[in-house]
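Student: A single structure is presented below for examination.
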There are 2 protein chains.
Amino acid sequence: MKFELTILGSGSAVPTSNRNSAAQVLNVLERYFLIDCAEGTQHQLRRFHIPYNKINHIFISHLHGDHYFGLIGLLSTLSLQGRKGAMYVYADVRLQEIFDFQMKKMNSRLGYPLIFHPLSRNEEVVYDDKVVKVTSFPLKHRYEAPVCGFCFREKERERTIRRDMAEAWKVPVAFMQHLKRGADFITPEGEVIENARLTMDPPPARSYAYMTDTLFRKQFAEYVEGVDLLYHEATYGKDEECLAKETFHSTAEQAACMARLAGAGRLLLGHFSARYPDPLCLLPEAQAVFPKSFICSDGDVYEVPAVKRNMQEGII
Amino acid sequence: MKFELTILGSGSAVPTSNRNSAAQVLNVLERYFLIDCAEGTQHQLRRFHIPYNKINHIFISHLHGDHYFGLIGLLSTLSLQGRKGAMYVYADVRLQEIFDFQMKKMNSRLGYPLIFHPLSRNEEVVYDDKVVKVTSFPLKHRYEAPVCGFCFREKERERTIRRDMAEAWKVPVAFMQHLKRGADFITPEGEVIENARLTMDPPPARSYAYMTDTLFRKQFAEYVEGVDLLYHEATYGKDEECLAKETFHSTAEQAACMARLAGAGRLLLGHFSARYPDPLCLLPEAQAVFPKSFICSDGDVYEVPAVKRNMQEGII
């Protein structure tokens with residue numbers, strides 16, 4: 001029942017010797033979602049032992065190279081390795097144009113269907129299945145085209161049946177599905193047994209949101225309200241607040257403000273400028289606003305466990 | 001007086017955990033030539049401490065992704081790092097179209113001039129300065145567009161003056177340049193002093209050639225005649241000779257045949273299929289034909305020293 005994030009790249013525009021540019025994988029119950037795909041992402045997937053042939057959905061925040069230059073290489077490798085299943089890419093519509101043009105000029109094609117879903121400037125559901133729903137939402141970066149954040153919310157699971165009680169009240173097997181959905185049980189004698197006596201609450205639904213690259217705008221908090229885990233860019237520290245504004249990026253403190261406004265469980269800081277060889281110096285700025293802030297490194301794995309949030313303290 | 005090759009990628013289409021796809025740097029007297037540029041080349045340049053801001057010329061053999069997917073990332077990084085000097089790219093004309101289209105769609109531009117030189121299907125000089133000349137020449141790969149090899153030949157240097165002899169014969173300073181170019185000296189008394197008595201032979205001019213991806217064709221040997229160092233693809237072993245033919249690649253033995261036909265000094269084998277986790281198994285096949293064959297690994301450095309070839313034995 002995993003809900004687990006692996007950081008593949010925690011750096012920004014220019015990769016450094018220990019931080020690649022943006023990419024990460026979210027594993028939601030063995031659904032592998034790739035979020036951004038900088039150059040070298042396929043190398044990082046291999047390095048961190050992610051079964052990348054299981055990735056079926058790729059979300060690209062925007063068309064700056066440090067967020068997508070690795071896409072064509074990854075897609076090509078999957079094709080060379082014999083992939084047949086469809087791959088879905090959620091991105092600025094122009095990424096499809098770039099991809100199609102490049103493949104045509106190379107006189108090449110993939111061995112599997114590639115399906116692009118163009119992202120809009122509005123909040124929208126881009127993926128929805130029985131266990132998870134993904135929304136994209138607009139951020140504010142210098143690029144005039146859409147720059148999107150993504151929010152992954154697990155769906156409410158069914159209630160857990162208390163076998164001992166169900167047996168004691170002789171609930172028929174055929175009624176179990178109703179119990180899981182919260183129905184009360186009525187005995188043949190007409191006695192109403194409240195659902196709460198026969199079942200337990202399911203583990204709470206988990207959630208994760210990804211916000212990069214962007215200026216801080218307090219209204220963005222509504223898109224990621226109450227997420228368990230929030231990844232937010234912290235390209236700069238407070239010392240470079242003007243530069244952050246000028247380049248349409250955020251500071252670590254602003255990332256923390258977003259986490260606080262949204263009521264997030266934990267905050268992961270990333271997308272560090274190469275000017276911070278050790279971005280640990282940014283942590284106090286964030287923690288002063290939002291104590292449960294953490295600095296990401298390539299290869300880090302963060303799990304959102306299937307327990308109530310107040311039991312999560314100190315889990316990272 | 002370096003003439004030194006650094007292997008950045010010795011693998012083929014799919015990068016593995018210890019071999020990246022095609023790229024290498026040739027340093028000829030502090031001119032850094034980048035040859036091919038697979039995804040992750042900028043990471044390899046950093047990893048192997050190549051001063052990549054000194055690269056001014058990039059040669060792309062052909063438009064398969066494992067030979068050029070890292071180009072746009074490297075060019076972007078150089079721009080972000082403030083490069084101002086022009087960069088020259090020698091490649092299939094369609095690479096310029098791909099690059100221009102992608103930059104336009106991204107609404108981006110480099111901060112320095114990028115000058116494309118389209119490669120043809122004929123042997124031609126593509127670069128020429130006072131110390132080195134580079135030719136491109138056609139290979140045979142399944143791609144119908146040009147697939148090119150490259151040959152880097154150092155120019156003959158001037159003769160080395162024997163200071164003791166020049167002083168003994170009172171050669172005027174103004175005449176030294178003539179001596180270096182081989183002229184005899186005539187004393188004021190009319191005596192002819194042969195140049196060979198006043199100078200020594202310069203070190204021999206060095207050369208390097210790059211041949212990948214290609215079928216074996218004996219007529220290609222003339223393009224690389226007598227090179228000191230030859231890099232030739234050896235995607236497969238003799239066990240996969242049919243597959244090599246089918247995919248328009250060469251075996252290690254065929255690479256060795258090319259080295260022998262060309263009268264090369266040493267042969268470097270690379271572009272290994274991922275099916276050979278340890279391509280050392282290919283070496284005996286090559287050495288049976290051409291003893292001075294070597295298996296390349298990422299990060300290997302091969303120097304062609306400024307000495308006569310018969311003094312090079314056992315240098316690697």
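Identifiers in the structure tokens: chain A, B, ... in order shown; residue index from 1 per chain; ligand index from 1 in order shown.
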What is the Cα root-mean-square deviation, to one decimal place in Å, for chain A superposed on chain B with all Cα atoms matched in order?

Tutor: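 C-alpha RMSD, chain A fitted to chain B: 0.1 Å.
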
Student: Please extract the residues of stretch 151-227 of chain B with a backbone DSSP assignment of alpha helix (DSSP H) and present them as a PyMOL selection string.

Tutor: chain B and resi 163-168+176-180+195-198

Student: For the selection you just gave me, I'd like the residues written to a file as a short mmCIF file (atom, residue, chain, number, x, y, z; two decimals), in the first residue's frame, keeping C-alpha atoms.

Tutor:
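What ended up in out18.cif:
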```cif
data_model
loop_
_atom_site.label_atom_id
_atom_site.label_comp_id
_atom_site.auth_asym_id
_atom_site.auth_seq_id
_atom_site.Cartn_x
_atom_site.Cartn_y
_atom_site.Cartn_z
CA ARG B 163 70.93 26.31 -31.02
CA ASP B 164 74.57 25.21 -30.63
CA MET B 165 75.03 24.73 -34.36
CA ALA B 166 73.16 27.92 -35.30
CA GLU B 167 75.41 29.91 -32.97
CA ALA B 168 78.57 28.22 -34.25
CA MET B 176 65.76 31.47 -38.02
CA GLN B 177 62.23 31.26 -39.50
CA HIS B 178 63.73 30.09 -42.80
CA LEU B 179 65.75 27.46 -40.96
CA LYS B 180 62.62 26.17 -39.25
CA ASN B 195 69.61 22.55 -43.05
CA ALA B 196 69.96 19.03 -41.59
CA ARG B 197 73.15 20.16 -39.81
CA LEU B 198 71.38 23.12 -38.18
#
```

Student: Specify as a ChimeraX atom specification all residues of chain B found within 8 Å of chain A, counting only C-alpha atoms.

Tutor: /B:13-17,39-40,43,46-47,63-65,69-70,72-73,76-77,80,94,98,101-102,105-106

Student: Please produce a file of those selected residues containing C-alpha atoms, as a JSON list (two decimals), in the first residue's frame.

Tutor:
```
[["chain", "number", "residue", "atom", "x", "y", "z"],
["B", 13, "ALA", "CA", 21.91, 3.03, -27.88],
["B", 14, "VAL", "CA", 20.83, 2.32, -24.30],
["B", 15, "PRO", "CA", 23.04, 3.70, -21.53],
["B", 16, "THR", "CA", 23.90, 1.26, -18.76],
["B", 17, "SER", "CA", 24.94, 1.88, -15.18],
["B", 39, "GLU", "CA", 22.20, 12.44, -23.26],
["B", 40, "GLY", "CA", 24.22, 12.97, -20.09],
["B", 43, "HIS", "CA", 27.28, 15.27, -16.69],
["B", 46, "ARG", "CA", 31.81, 17.47, -15.30],
["B", 47, "ARG", "CA", 32.54, 14.05, -13.86],
["B", 63, "LEU", "CA", 21.00, 11.84, -35.84],
["B", 64, "HIS", "CA", 20.41, 8.80, -33.71],
["B", 65, "GLY", "CA", 19.52, 9.82, -30.19],
["B", 69, "PHE", "CA", 20.29, 13.90, -27.33],
["B", 70, "GLY", "CA", 22.65, 15.67, -24.92],
["B", 72, "ILE", "CA", 20.64, 20.92, -26.42],
["B", 73, "GLY", "CA", 21.24, 20.46, -22.69],
["B", 76, "SER", "CA", 21.77, 25.54, -22.72],
["B", 77, "THR", "CA", 24.02, 25.03, -19.72],
["B", 80, "LEU", "CA", 23.21, 29.82, -18.50],
["B", 94, "ARG", "CA", 18.44, 18.52, -39.92],
["B", 98, "ILE", "CA", 15.44, 20.42, -34.84],
["B", 101, "PHE", "CA", 12.29, 24.52, -33.89],
["B", 102, "GLN", "CA", 12.75, 23.46, -30.28],
["B", 105, "LYS", "CA", 8.72, 26.55, -29.26],
["B", 106, "MET", "CA", 10.43, 27.09, -25.91]]
```

Student: Could you check the closest approach to A:Ile7 for each of A:Gly299, A:Pro279, A:Gly149, A:Pro51 and tell me which residue wins, using only C-alpha atoms?

Tutor: A:Gly299

Student: Would you list the contacts of A:Phe185 as a list in words, taking every protein, DNA or RNA residue within 7 Å and counting only C-alpha atoms, but skipping same-chain residues closer than 6 positions in sequence?

Tutor: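 The filter keeps Val192, Ile193, Glu194 and Asn195 of chain A.
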
Student: For the residues selected in the previous step, produce a file with N, CA, C and O atoms as a PDB file, in the first residue's frame.

Tutor:
```
ATOM      1  N   VAL A 192     -31.306  -3.087  14.220  1.00  0.00           N
ATOM      2  CA  VAL A 192     -30.338  -2.321  13.424  1.00  0.00           C
ATOM      3  C   VAL A 192     -28.981  -2.311  14.138  1.00  0.00           C
ATOM      4  O   VAL A 192     -28.885  -1.853  15.280  1.00  0.00           O
ATOM      5  N   ILE A 193     -27.955  -2.849  13.456  1.00  0.00           N
ATOM      6  CA  ILE A 193     -26.592  -2.825  14.009  1.00  0.00           C
ATOM      7  C   ILE A 193     -25.830  -1.727  13.283  1.00  0.00           C
ATOM      8  O   ILE A 193     -25.605  -1.813  12.075  1.00  0.00           O
ATOM      9  N   GLU A 194     -25.450  -0.733  14.021  1.00  0.00           N
ATOM     10  CA  GLU A 194     -24.775   0.404  13.361  1.00  0.00           C
ATOM     11  C   GLU A 194     -23.467  -0.028  12.717  1.00  0.00           C
ATOM     12  O   GLU A 194     -22.722  -0.834  13.276  1.00  0.00           O
ATOM     13  N   ASN A 195     -23.196   0.552  11.556  1.00  0.00           N
ATOM     14  CA  ASN A 195     -21.984   0.211  10.811  1.00  0.00           C
ATOM     15  C   ASN A 195     -20.735   0.360  11.679  1.00  0.00           C
ATOM     16  O   ASN A 195     -19.820  -0.480  11.605  1.00  0.00           O
TER      17      ASN A 195
END
```
